[in-house]
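Take a look at the structure set out below.
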Amino acid sequence: MKLDIKDKLYIVCGATGGLGKGVALALLDEGAKIIVIARDEEKL
């Protein structure tokens, strides 16, 4: 499936673990730009 997400901006909540972290890493692998949000800045 072609999603055409390269160079688009995404906001990912809960990015320090679990699904949020997995989504953030997958988006980066595909060339997307991301903004991550988490409760614990040190874990980012």
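Every chain in the structure tokens has a letter given in the order shown (A, B, ...), and although residue numbers restart at 1 in each chain, ligands are simply numbered from 1 in the order shown.
Residues surrounding Ile37 (chain A) within 8 Å are Ile11, Val12, Cys13, Gly14 and Ala15 of chain A [only C-alpha atoms; sequence separation below 3 positions excluded].
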Let's have the selection written as a compact mmCIF listing (two decimals), in the first residue's frame, with C-alpha atoms.
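So out00.txt came out as:
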# COMPACT_ATOMS: atom_id res chain seq x y z
CA ILE A 11 1.75 14.65 15.59
CA VAL A 12 2.22 11.50 17.70
CA CYS A 13 0.92 11.35 21.28
CA GLY A 14 2.28 8.90 23.83
CA ALA A 15 5.55 8.60 21.95
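Of all the residues in chain A, the ones DSSP labels as strand (DSSP E) from the backbone are Leu9, Tyr10, Ile11, Val12, Cys13, Lys33, Ile34, Ile35, Val36 and Ile37 of chain A.
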With N, CA and C atoms retained, export the selected residues as a CSV table (one decimal), in the first residue's frame.
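Below you can see part14.csv, which holds the result:
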chain,number,residue,atom,x,y,z
A,9,LEU,N,3.9,16.3,7.8
A,9,LEU,CA,4.0,16.5,9.3
A,9,LEU,C,2.9,15.7,10.0
A,10,TYR,N,3.3,15.0,11.0
A,10,TYR,CA,2.4,14.2,11.9
A,10,TYR,C,2.7,14.5,13.3
A,11,ILE,N,1.6,14.5,14.1
A,11,ILE,CA,1.7,14.6,15.6
A,11,ILE,C,1.5,13.3,16.2
A,12,VAL,N,2.4,12.8,17.1
A,12,VAL,CA,2.2,11.5,17.7
A,12,VAL,C,2.2,11.7,19.2
A,13,CYS,N,1.1,11.3,19.8
A,13,CYS,CA,0.9,11.3,21.3
A,13,CYS,C,1.4,10.0,21.9
A,33,LYS,N,7.9,13.9,8.7
A,33,LYS,CA,8.3,14.8,9.8
A,33,LYS,C,7.3,14.6,10.9
A,34,ILE,N,7.9,14.5,12.2
A,34,ILE,CA,7.0,14.2,13.3
A,34,ILE,C,7.2,15.2,14.4
A,35,ILE,N,6.1,15.4,15.2
A,35,ILE,CA,6.2,16.1,16.5
A,35,ILE,C,5.7,15.1,17.5
A,36,VAL,N,6.5,14.9,18.5
A,36,VAL,CA,6.1,13.9,19.5
A,36,VAL,C,5.7,14.5,20.8
A,37,ILE,N,4.7,13.9,21.4
A,37,ILE,CA,4.1,14.4,22.7
A,37,ILE,C,4.2,13.3,23.7
Exercise: Glu30 (chain A) partners within 9 Å, only C-alpha atoms, chain neighbours under 3 positions left out, as a compact mmCIF listing (two decimals) with C-alpha atoms, in the first residue's frame:
# COMPACT_ATOMS: atom_id res chain seq x y z
CA ASP A 4 2.67 8.92 0.36
CA ILE A 5 3.66 10.22 3.81
CA LYS A 6 7.17 11.42 2.97
CA ASP A 7 7.81 15.05 4.00
CA LEU A 25 9.52 5.27 14.50
CA ALA A 26 7.60 3.89 11.52
CA LEU A 27 6.76 7.41 10.32
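Residues of chain A that DSSP places in helix (DSSP H, G or I), based on the backbone of this structure, are Gly18, Leu19, Gly20, Lys21, Gly22, Val23, Ala24, Leu25, Ala26, Leu27, Leu28, Asp29, Glu41, Glu42 and Lys43 of chain A.
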Residue selection dump (C-alpha atoms) as a PDB file, in the first residue's frame:
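part38.pdb, written as the output of this step:
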ATOM      1  CA  GLY A  18       4.033   1.132  23.085  1.00  0.00           C
ATOM      2  CA  LEU A  19       1.941   2.024  20.073  1.00  0.00           C
ATOM      3  CA  GLY A  20       2.904   5.712  20.069  1.00  0.00           C
ATOM      4  CA  LYS A  21       6.611   4.931  19.946  1.00  0.00           C
ATOM      5  CA  GLY A  22       6.106   2.341  17.230  1.00  0.00           C
ATOM      6  CA  VAL A  23       4.087   4.741  15.097  1.00  0.00           C
ATOM      7  CA  ALA A  24       6.649   7.532  15.550  1.00  0.00           C
ATOM      8  CA  LEU A  25       9.524   5.269  14.504  1.00  0.00           C
ATOM      9  CA  ALA A  26       7.604   3.892  11.516  1.00  0.00           C
ATOM     10  CA  LEU A  27       6.762   7.406  10.320  1.00  0.00           C
ATOM     11  CA  LEU A  28      10.409   8.430  10.587  1.00  0.00           C
ATOM     12  CA  ASP A  29      11.460   5.351   8.616  1.00  0.00           C
ATOM     13  CA  GLU A  41      10.450  14.439  28.446  1.00  0.00           C
ATOM     14  CA  GLU A  42      13.456  12.396  29.614  1.00  0.00           C
ATOM     15  CA  LYS A  43      12.098   9.258  27.891  1.00  0.00           C
TER      16      LYS A  43
END
